[in-house]
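Participant: My structure is in model.txt, and what it holds is compact mmCIF, C-alpha atoms:
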```txt
# COMPACT_ATOMS: atom_id res chain seq x y z
CA MET A 1 -18.79 -1.91 91.79
CA LYS A 2 -15.13 -1.16 91.18
CA ARG A 3 -14.07 0.96 88.21
CA GLY A 4 -12.16 -1.90 86.58
CA GLU A 5 -15.22 -4.13 86.79
CA ARG A 6 -17.37 -1.44 85.17
CA PHE A 7 -14.80 -1.05 82.38
CA ALA A 8 -14.85 -4.79 81.74
CA TYR A 9 -18.65 -4.73 81.51
CA TRP A 10 -18.80 -1.68 79.19
CA THR A 11 -16.13 -3.19 76.95
CA GLN A 12 -17.87 -6.56 76.72
CA ARG A 13 -21.24 -4.99 75.85
CA LEU A 14 -19.84 -2.69 73.17
CA VAL A 15 -17.37 -5.08 71.54
CA SER A 16 -19.86 -7.96 71.38
CA GLU A 17 -22.24 -5.88 69.23
CA PRO A 18 -20.16 -3.59 66.99
CA GLY A 19 -22.11 -0.92 65.17
CA ARG A 20 -25.08 -1.05 67.55
CA ARG A 21 -26.05 2.27 69.10
CA PHE A 22 -26.75 1.74 72.79
CA SER A 23 -28.69 4.26 74.82
CA LEU A 24 -26.97 5.37 77.99
CA ASP A 25 -29.77 3.85 80.06
CA GLU A 26 -29.20 0.45 78.42
CA LEU A 27 -25.62 0.46 79.62
CA ARG A 28 -25.98 1.94 83.08
CA ALA A 29 -29.22 0.27 84.25
CA PRO A 30 -27.87 -3.28 84.82
CA LEU A 31 -25.16 -1.91 87.12
CA GLY A 32 -27.14 0.97 88.60
CA THR A 33 -24.38 3.34 87.54
CA PRO A 34 -25.10 7.10 87.77
CA LYS A 35 -25.12 8.92 84.42
CA SER A 36 -22.22 11.13 85.47
CA THR A 37 -20.08 8.10 86.30
CA LEU A 38 -20.98 6.39 83.03
CA SER A 39 -20.09 9.50 81.03
CA GLY A 40 -16.67 9.69 82.66
CA ASP A 41 -16.03 5.98 82.14
CA LEU A 42 -16.98 6.18 78.46
CA ALA A 43 -14.70 9.16 77.91
CA ASP A 44 -11.78 7.20 79.37
CA LEU A 45 -12.73 4.10 77.38
CA LYS A 46 -12.92 6.13 74.17
CA ARG A 47 -9.45 7.55 74.78
CA PHE A 48 -7.96 4.16 75.65
CA PHE A 49 -9.39 2.42 72.56
CA ALA A 50 -7.97 5.18 70.35
CA GLU A 51 -4.53 4.97 71.96
CA VAL A 52 -4.15 1.21 71.45
CA GLY A 53 -5.81 1.09 68.01
CA ALA A 54 -8.63 -1.17 69.22
CA GLY A 55 -11.36 0.72 67.38
CA GLN A 56 -13.61 3.73 67.75
CA VAL A 57 -16.00 4.46 70.60
CA GLU A 58 -18.47 7.12 69.46
CA THR A 59 -20.73 8.97 71.88
CA TRP A 60 -23.74 11.28 71.53
CA THR A 61 -25.03 13.65 74.18
CA GLY A 62 -28.46 15.05 74.93
CA ALA A 63 -31.85 13.39 75.23
CA ALA A 64 -31.02 10.99 72.39
CA GLY A 65 -27.55 10.32 73.77
CA GLY A 66 -25.88 7.01 73.21
CA VAL A 67 -22.70 5.15 72.41
CA ARG A 68 -21.47 2.63 69.85
CA PHE A 69 -18.25 0.77 69.12
CA ARG A 70 -16.87 0.15 65.63
CA PRO A 71 -13.66 -1.89 65.10
CA LEU A 72 -12.16 0.61 62.67
CA ARG A 73 -8.40 0.33 62.83
CA PRO A 74 -5.58 2.87 62.32
CA SER A 75 -3.73 2.81 59.00
CA SER A 76 -0.55 1.42 60.59
CA LEU A 77 -2.41 -1.65 61.84
CA LEU A 78 -4.20 -2.11 58.49
CA ARG A 79 -0.83 -2.23 56.75
CA GLN A 80 0.56 -4.65 59.32
CA TRP A 81 -2.38 -7.02 58.86
CA ALA A 82 -2.16 -6.75 55.07
CA GLU A 83 1.56 -7.56 55.16
CA GLU A 84 0.94 -10.61 57.34
CA LEU A 85 -1.75 -11.74 54.89
CA ARG A 86 0.68 -11.22 52.01
CA GLN A 87 3.25 -13.42 53.74
CA GLU A 88 0.65 -16.12 54.37
CA LEU A 89 -0.35 -16.20 50.70
CA SER A 90 3.22 -16.03 49.38
CA GLN A 91 3.99 -19.67 50.09
CA GLU A 92 4.99 -21.90 47.19
CA SER A 93 2.73 -24.66 48.57
CA ARG A 94 -0.28 -22.49 47.67
CA VAL A 95 0.42 -22.62 43.94
CA LEU A 96 -1.94 -25.06 42.22
CA PRO A 97 -1.55 -26.73 38.81
CA GLY A 98 -2.34 -24.27 36.06
CA GLY A 99 -0.83 -21.33 37.91
CA LEU A 100 -3.71 -20.84 40.35
CA LEU A 101 -3.37 -19.59 43.94
CA TYR A 102 -5.15 -21.45 46.74
CA LEU A 103 -7.10 -19.00 48.92
CA GLN A 104 -10.06 -20.88 50.34
CA ASP A 105 -8.54 -21.92 53.66
CA VAL A 106 -7.64 -18.30 54.44
CA LEU A 107 -10.99 -16.86 53.38
CA PHE A 108 -12.89 -19.36 55.54
CA ASP A 109 -10.59 -19.04 58.56
CA PRO A 110 -12.39 -16.78 61.09
CA PHE A 111 -9.06 -15.26 62.15
CA TRP A 112 -8.18 -14.07 58.64
CA ALA A 113 -11.76 -13.37 57.59
CA GLN A 114 -12.26 -11.03 60.55
CA ARG A 115 -9.03 -9.17 59.81
CA ILE A 116 -9.88 -8.83 56.12
CA GLY A 117 -13.39 -7.67 56.96
CA GLU A 118 -12.13 -5.06 59.39
CA ILE A 119 -9.58 -3.79 56.87
CA LEU A 120 -12.35 -3.26 54.32
CA ALA A 121 -14.68 -1.74 56.92
CA SER A 122 -11.97 0.69 58.05
CA LEU A 123 -11.28 1.78 54.46
CA PHE A 124 -14.91 2.41 53.55
CA ALA A 125 -16.58 3.46 56.83
CA SER A 126 -16.40 7.15 55.90
CA ARG A 127 -18.62 6.46 52.89
CA GLU A 128 -21.37 5.28 55.25
CA PRO A 129 -22.59 2.13 53.51
CA GLU A 130 -25.94 0.76 54.64
CA TYR A 131 -25.39 -2.73 53.21
CA VAL A 132 -22.50 -4.94 52.09
CA LEU A 133 -23.05 -7.00 48.93
CA THR A 134 -21.08 -10.03 47.79
CA VAL A 135 -21.68 -13.03 45.55
CA GLU A 136 -21.53 -16.63 46.73
CA THR A 137 -19.38 -18.35 47.88
CA ARG A 138 -15.83 -17.37 48.83
CA GLY A 139 -16.65 -13.70 49.28
CA VAL A 140 -19.09 -14.44 52.10
CA PRO A 141 -16.74 -14.59 55.14
CA PRO A 142 -14.85 -11.31 54.48
CA ALA A 143 -18.06 -9.54 53.47
CA LEU A 144 -19.87 -10.76 56.58
CA PHE A 145 -17.09 -9.58 58.89
CA ALA A 146 -16.96 -6.23 57.06
CA ALA A 147 -20.71 -5.85 57.57
CA ARG A 148 -20.35 -6.75 61.26
CA ALA A 149 -17.61 -4.17 61.75
CA LEU A 150 -19.73 -1.51 60.04
CA GLY A 151 -22.86 -2.50 61.95
CA VAL A 152 -24.87 -3.16 58.77
CA LYS A 153 -26.42 -6.16 57.00
CA MET A 154 -24.72 -8.33 54.39
CA VAL A 155 -26.65 -9.16 51.23
CA LEU A 156 -25.83 -12.24 49.14
CA ALA A 157 -26.13 -12.44 45.36
CA ARG A 158 -26.49 -15.97 44.01
CA ARG A 159 -25.50 -17.75 40.83
CA THR A 160 -29.00 -19.26 40.73
CA SER A 161 -32.08 -18.01 42.59
CA ARG A 162 -33.78 -20.11 45.28
CA PRO A 163 -37.55 -20.47 45.73
CA ALA A 164 -37.28 -19.94 49.51
CA GLU A 165 -35.99 -16.40 48.91
CA GLY A 166 -39.01 -15.31 46.87
CA PRO A 167 -39.01 -13.38 43.58
CA ALA A 168 -35.56 -12.33 42.40
CA VAL A 169 -33.90 -10.00 39.93
CA HIS A 170 -31.62 -11.74 37.41
CA ILE A 171 -28.84 -10.25 35.31
CA HIS A 172 -26.34 -11.70 32.84
CA TYR A 173 -22.71 -10.63 32.88
CA ARG A 174 -19.46 -11.63 31.24
CA SER A 175 -16.86 -13.27 33.45
CA GLN A 176 -13.41 -11.97 32.55
CA SER A 177 -11.79 -15.09 34.04
CA SER A 178 -13.71 -17.67 31.99
CA ASP A 179 -14.81 -15.37 29.15
CA ARG A 180 -18.32 -16.78 29.49
CA ILE A 181 -21.72 -15.26 30.07
CA GLN A 182 -22.92 -16.04 33.59
CA THR A 183 -26.03 -15.32 35.64
CA MET A 184 -26.38 -13.53 38.97
CA SER A 185 -29.55 -13.03 41.00
CA LEU A 186 -30.69 -11.16 44.10
CA ALA A 187 -33.97 -11.51 45.98
CA ARG A 188 -36.24 -8.50 45.45
CA ARG A 189 -36.77 -8.04 49.17
CA ALA A 190 -33.02 -8.06 49.91
CA LEU A 191 -32.42 -4.33 49.34
CA PRO A 192 -34.63 -1.24 49.70
CA PRO A 193 -34.40 1.14 46.71
CA GLY A 194 -31.87 3.92 47.17
CA SER A 195 -29.66 2.01 49.61
CA ARG A 196 -25.96 2.83 49.89
CA VAL A 197 -24.03 -0.37 49.19
CA LEU A 198 -20.42 -1.50 49.58
CA ILE A 199 -19.46 -4.29 47.14
CA VAL A 200 -16.96 -6.91 48.36
CA ASP A 201 -15.34 -9.69 46.32
CA ASP A 202 -12.64 -12.19 47.20
CA PHE A 203 -10.74 -12.27 43.90
CA MET A 204 -10.66 -10.12 40.78
CA ARG A 205 -8.99 -10.71 37.46
CA GLY A 206 -10.77 -8.50 34.94
CA GLY A 207 -13.55 -7.16 37.16
CA GLY A 208 -16.47 -8.91 35.44
CA THR A 209 -18.04 -10.17 38.67
CA LEU A 210 -17.79 -6.74 40.32
CA ARG A 211 -19.37 -5.21 37.24
CA GLY A 212 -22.14 -7.81 37.44
CA MET A 213 -22.90 -6.80 41.03
CA GLU A 214 -22.98 -3.16 39.93
CA GLN A 215 -25.52 -4.01 37.23
CA LEU A 216 -27.59 -5.89 39.78
CA LEU A 217 -27.62 -2.86 42.08
CA GLU A 218 -28.71 -0.64 39.19
CA GLU A 219 -31.87 -2.77 38.99
CA PHE A 220 -32.56 -1.90 42.63
CA SER A 221 -31.79 1.82 42.13
CA CYS A 222 -29.06 1.52 44.78
CA GLU A 223 -25.90 3.59 45.08
CA VAL A 224 -22.49 1.90 45.01
CA VAL A 225 -20.37 3.70 47.62
CA GLY A 226 -17.29 1.48 47.36
CA ARG A 227 -15.74 -1.64 45.87
CA GLY A 228 -13.37 -3.72 47.99
CA VAL A 229 -11.38 -6.74 46.82
CA VAL A 230 -9.21 -9.11 48.83
CA LEU A 231 -6.86 -10.04 45.96
CA ALA A 232 -6.62 -8.62 42.43
CA THR A 233 -4.33 -9.75 39.61
CA ALA A 234 -1.95 -7.27 38.02
CA VAL A 235 -2.79 -8.77 34.59
CA PRO A 236 -4.81 -7.72 32.73
CA GLU A 237 -3.96 -4.16 33.67
CA GLU A 238 -7.21 -2.80 32.26
CA LYS A 239 -10.21 -3.78 34.37
CA VAL A 240 -13.86 -3.31 33.48
CA VAL A 241 -14.27 -1.72 36.94
CA ARG A 242 -11.94 1.18 37.63
CA ASP A 243 -12.75 2.66 41.03
CA PHE A 244 -11.88 -0.08 43.52
CA VAL A 245 -9.49 -0.88 46.36
CA SER A 246 -7.63 -4.19 46.58
CA ILE A 247 -5.92 -5.30 49.78
CA LEU A 248 -3.33 -7.30 47.82
CA TRP A 249 -2.14 -7.51 44.21
CA LEU A 250 -1.01 -10.80 42.65
CA GLU A 251 1.86 -9.96 40.31
CA GLU A 252 3.05 -13.44 39.32
CA VAL A 253 2.15 -17.06 40.07
CA GLN A 254 3.90 -20.05 38.49
CA GLU A 255 4.29 -23.68 39.44
CA GLY A 256 7.57 -24.35 41.23
CA MET A 257 7.95 -20.73 42.39
CA LYS A 258 6.72 -18.63 45.26
CA PRO A 259 3.87 -16.35 44.18
CA ARG A 260 4.71 -12.65 44.09
CA LEU A 261 2.23 -10.41 45.87
CA ARG A 262 2.38 -6.82 47.01
CA LEU A 263 0.24 -4.56 49.14
CA GLY A 264 -2.48 -2.54 47.48
CA HIS A 265 -3.05 1.14 48.07
CA LEU A 266 -4.87 0.68 51.35
CA LEU A 267 -5.34 4.36 52.02
CA GLU A 268 -6.67 5.56 48.67
CA GLU A 269 -8.23 9.00 48.73
CA GLU A 270 -11.91 9.29 47.86
CA GLY A 271 -12.48 8.66 44.16
CA GLN A 272 -8.94 7.58 43.29
CA ARG A 273 -8.26 4.35 41.46
CA ASP A 274 -6.24 1.52 42.95
CA GLN A 275 -4.02 0.35 40.11
CA PRO A 276 -1.19 -2.12 39.51
```
How would this structure read if it were set down as structure tokens?

Facilitator:
Amino acid sequence: MKRGERFAYWTQRLVSEPGRRFSLDELRAPLGTPKSTLSGDLADLKRFFAEVGAGQVETWTGAAGGVRFRPLRPSSLLRQWAEELRQELSQESRVLPGGLLYLQDVLFDPFWAQRIGEILASLFASREPEYVLTVETRGVPPALFAARALGVKMVLARRTSRPAEGPAVHIHYRSQSSDRIQTMSLARRALPPGSRVLIVDDFMRGGGTLRGMEQLLEEFSCEVVGRGVVLATAVPEEKVVRDFVSILWLEEVQEGMKPRLRLGHLLEEEGQRDQP
């Protein structure tokens, strides 16, 4: 088999299952490729992916050797994608009566959802989350693509529990948007105790929903390793959750005007606060 054909096969296997750790035998056996040839091909593939910003190819040597691909992008590409998202959301036609911004078509578009998910995965991969948690409904697509990029499972908190999911933990929290007490639940079997969890939400005003997910994770004795938001409002300035990263900030939205959005601090250092 020609080298280009092998490269096409390796790339297809790795990219189709991001986060999965393949053994070297799994990759070479279907093609009958010698281990030495596979090692050289993977080294070249790793270098090429890094050069074009396509993601990370990680390899391990020895008896337990293997390889995995993760679509973690360079900071320059993250900023480019965020700017393109900002432009998409900055259209006057997206402003709804009451000064609301229409987001649903973007969040449920696989093109945008995958980009958003990979931005969040790239920002939080170093914290090594084992699960991604979001609450139904609009946070599901970006959270699912973030989980896929990280190679972990997504867990869904619900507004009301469902019998088919078994016993659940319920908490009450105050929504900063509606100033009402709301309920959130998570199936008991959804998370093992002590898991490292990345929280993802689509929109944040005061941070009440994020805080609710934190309280839910406390009931499972899980560790919150990061909080990622697609869009946060600049007002109110004080949020009930302080340590978070928002891809975009909504500074102003009024009927008859284009909404004003700006990029968030996409490359926050560990432990710093993303603020308006």

Participant: Please report as a tab-separated table every residue of range 124-174 of chain A lying within 6 Å of range 95-114 of chain A, along with the nearest atom pair and their distance in Å (one decimal), using only C-alpha atoms.

Facilitator:
```
residue	atom	partner	partner_atom	distance
A:Pro141	CA	A:Ala113	CA	5.7
A:Pro142	CA	A:Ala113	CA	4.8
A:Phe145	CA	A:Gln114	CA	5.3
```

Participant: Which of these residues is nearest to Leu133 in chain A, using all atoms listed in the file: A:Gly212, A:Gly53, A:Gly19, A:Gly4?

Facilitator: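 Counting all atoms listed in the file, the residue closest to Leu133 in chain A is A:Gly212.
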
Participant: Could you give me, as a list of chain:residue names, the residues within 8 Å of Val135 in chain A, counting all atoms listed in the file and dropping anything in the same chain fewer than 5 positions from it?

Facilitator: A:Val140, A:Leu156, A:Ala157, A:Arg158, A:Arg159, A:Asp201, A:Met213

Participant: Excluding same-chain residues fewer than 6 positions from Arg21 in chain A, what lies within 10 Å of it counting only C-alpha atoms, as a short mmCIF file (atom, residue, chain, number, x, y, z; two decimals) with C-alpha atoms, keeping the file's coordinate frame?

Facilitator:
```
data_model
loop_
_atom_site.label_atom_id
_atom_site.label_comp_id
_atom_site.auth_asym_id
_atom_site.auth_seq_id
_atom_site.Cartn_x
_atom_site.Cartn_y
_atom_site.Cartn_z
CA LEU A 14 -19.84 -2.69 73.17
CA GLU A 58 -18.47 7.12 69.46
CA THR A 59 -20.73 8.97 71.88
CA TRP A 60 -23.74 11.28 71.53
CA GLY A 65 -27.55 10.32 73.77
CA GLY A 66 -25.88 7.01 73.21
CA VAL A 67 -22.70 5.15 72.41
CA ARG A 68 -21.47 2.63 69.85
CA PHE A 69 -18.25 0.77 69.12
CA GLY A 151 -22.86 -2.50 61.95
#
```

Participant: Counting all atoms listed in the file, select every polymer residue within 7 Å of (-30.8, -17.4, 38.9) as defined in the file's coordinates, and provide the selection as a ChimeraX atom specification.

Facilitator: /A:158-161,170,183-185

Participant: Specify the axis-aligned box that encloses all atoms of range 207-212 of chain A listed in the file after padding of 4 Å on each side, stating its centre and edge lengths in Å to one decimal as AutoDock Vina command-line options.

Facilitator:
```
--center_x -17.8 --center_y -7.7 --center_z 37.9 --size_x 16.6 --size_y 13.0 --size_z 12.9
```

Participant: As an exercise, work out the distance from CA of Leu248 in chain A to CA of Glu214 in chain A in Å and give it to one decimal place.

Facilitator: 21.6 Å

Participant: Between A:Ala164, A:Ile116, A:Leu42, A:Val235, which residue has the minimum interatomic distance to Trp10 in chain A, considering all atoms listed in the file?

Facilitator: A:Leu42

Participant: Restricting the calculation to all atoms listed in the file: of A:Arg6, A:His265, A:Arg188, A:Arg138, which residue gets closest to Pro34 in chain A?

Facilitator: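 Counting all atoms listed in the file, the residue closest to Pro34 in chain A is A:Arg6.
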
Participant: Would you please work out which residue, of A:Arg227, A:Arg196, A:His172, A:Arg3, is nearest to Leu38 in chain A when using all atoms listed in the file?

Facilitator: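 For Leu38 in chain A, the nearest of the candidates is A:Arg3.
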
Participant: Could you tell me how far CA of Arg115 in chain A sits from CA of Glu51 in chain A, in Å to one decimal place?

Facilitator: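 Spanning CA of Glu51 in chain A to CA of Arg115 in chain A is a straight-line distance of 19.2 Å.
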
Participant: Rounded to one decimal, what separation in Å do you get between CA of Leu78 in chain A and CA of Leu261 in chain A?

Facilitator: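 Those two atoms sit 16.4 Å apart.
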
Participant: Using all atoms listed in the file, list the residues that have an atom at most 12 Å from (-14.1, -3.0, 41.1), coordinates as in the file, as a VMD selection string.

Facilitator: chain A and resid 134 198 to 214 224 to 233 238 to 246 272 to 275

Participant: Compile the contact shell of Ser76 in chain A as a ChimeraX atom specification: residues with an atom at most 12 Å away, counting all atoms listed in the file, same-chain residues fewer than 2 positions apart removed.

Facilitator: /A:52-53,72-74,78-83,119,122,266-267

Participant: So which residues touch Leu191 in chain A within 8 Å, counting all atoms listed in the file, skipping near sequence neighbours fewer than 2 positions away, as number ranges by chain?

Facilitator: A: 155, 188-189, 193, 195, 220

Participant: Create the file for the chosen residues now, containing C-alpha atoms and written as an mmCIF file, keeping the file's coordinate frame.

Facilitator:
```cif
data_model
loop_
_atom_site.group_PDB
_atom_site.id
_atom_site.type_symbol
_atom_site.label_atom_id
_atom_site.label_comp_id
_atom_site.auth_asym_id
_atom_site.auth_seq_id
_atom_site.Cartn_x
_atom_site.Cartn_y
_atom_site.Cartn_z
ATOM 1 C CA VAL A 155 -26.650 -9.160 51.230
ATOM 2 C CA ARG A 188 -36.240 -8.500 45.450
ATOM 3 C CA ARG A 189 -36.770 -8.040 49.170
ATOM 4 C CA PRO A 193 -34.400 1.140 46.710
ATOM 5 C CA SER A 195 -29.660 2.010 49.610
ATOM 6 C CA PHE A 220 -32.560 -1.900 42.630
#
```

Participant: Here is a test: counting all atoms listed in the file, which residue of A:Ser39, A:Gln215, A:Gln56, A:Gln87 is nearest to Leu150 in chain A?

Facilitator: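 So, comparing all the options, the nearest one is A:Gln56.
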
Participant: Considering all atoms listed in the file, state which residue in the set A:Leu216, A:Ala187, A:Leu45, A:Val197 is at the smallest distance from Tyr173 in chain A.

Facilitator: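 With all atoms listed in the file as the atom set, the closest residue is A:Leu216.
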
Participant: Will you model N, CA and C atoms for range 243-264 of chain A and pass it back as a CSV table (one decimal), keeping the file's coordinate frame?

Facilitator:
```csv
chain,number,residue,atom,x,y,z
A,243,ASP,N,-12.8,2.1,39.7
A,243,ASP,CA,-12.8,2.7,41.0
A,243,ASP,C,-12.9,1.6,42.1
A,244,PHE,N,-11.8,1.0,42.5
A,244,PHE,CA,-11.9,-0.1,43.5
A,244,PHE,C,-10.6,-0.1,44.4
A,245,VAL,N,-10.7,-0.7,45.5
A,245,VAL,CA,-9.5,-0.9,46.4
A,245,VAL,C,-9.2,-2.4,46.6
A,246,SER,N,-8.0,-2.8,46.3
A,246,SER,CA,-7.6,-4.2,46.6
A,246,SER,C,-6.6,-4.2,47.7
A,247,ILE,N,-6.9,-5.2,48.7
A,247,ILE,CA,-5.9,-5.3,49.8
A,247,ILE,C,-4.6,-5.8,49.3
A,248,LEU,N,-4.6,-6.8,48.4
A,248,LEU,CA,-3.3,-7.3,47.8
A,248,LEU,C,-3.4,-7.4,46.3
A,249,TRP,N,-2.3,-7.3,45.7
A,249,TRP,CA,-2.1,-7.5,44.2
A,249,TRP,C,-1.3,-8.7,44.0
A,250,LEU,N,-1.8,-9.6,43.1
A,250,LEU,CA,-1.0,-10.8,42.6
A,250,LEU,C,-0.3,-10.5,41.4
A,251,GLU,N,1.1,-10.4,41.5
A,251,GLU,CA,1.9,-10.0,40.3
A,251,GLU,C,2.3,-11.1,39.5
A,252,GLU,N,2.6,-12.3,40.1
A,252,GLU,CA,3.0,-13.4,39.3
A,252,GLU,C,2.8,-14.7,40.1
A,253,VAL,N,2.3,-15.8,39.4
A,253,VAL,CA,2.2,-17.1,40.1
A,253,VAL,C,2.5,-18.1,39.0
A,254,GLN,N,3.5,-19.0,39.4
A,254,GLN,CA,3.9,-20.0,38.5
A,254,GLN,C,4.2,-21.3,39.3
A,255,GLU,N,4.0,-22.4,38.8
A,255,GLU,CA,4.3,-23.7,39.4
A,255,GLU,C,5.8,-23.7,39.7
A,256,GLY,N,6.2,-24.2,40.9
A,256,GLY,CA,7.6,-24.4,41.2
A,256,GLY,C,8.2,-23.1,41.8
A,257,MET,N,7.4,-22.0,41.9
A,257,MET,CA,8.0,-20.7,42.4
A,257,MET,C,7.0,-20.2,43.4
A,258,LYS,N,7.6,-19.4,44.3
A,258,LYS,CA,6.7,-18.6,45.3
A,258,LYS,C,5.9,-17.6,44.5
A,259,PRO,N,4.6,-17.4,44.8
A,259,PRO,CA,3.9,-16.4,44.2
A,259,PRO,C,4.4,-15.0,44.6
A,260,ARG,N,4.3,-14.0,43.7
A,260,ARG,CA,4.7,-12.6,44.1
A,260,ARG,C,3.5,-11.8,44.3
A,261,LEU,N,3.3,-11.3,45.5
A,261,LEU,CA,2.2,-10.4,45.9
A,261,LEU,C,2.8,-9.1,46.5
A,262,ARG,N,2.0,-8.1,46.4
A,262,ARG,CA,2.4,-6.8,47.0
A,262,ARG,C,1.1,-6.2,47.6
A,263,LEU,N,1.4,-5.3,48.5
A,263,LEU,CA,0.2,-4.6,49.1
A,263,LEU,C,-0.4,-3.6,48.1
A,264,GLY,N,-1.7,-3.5,48.3
A,264,GLY,CA,-2.5,-2.5,47.5
A,264,GLY,C,-2.4,-1.2,48.1
```
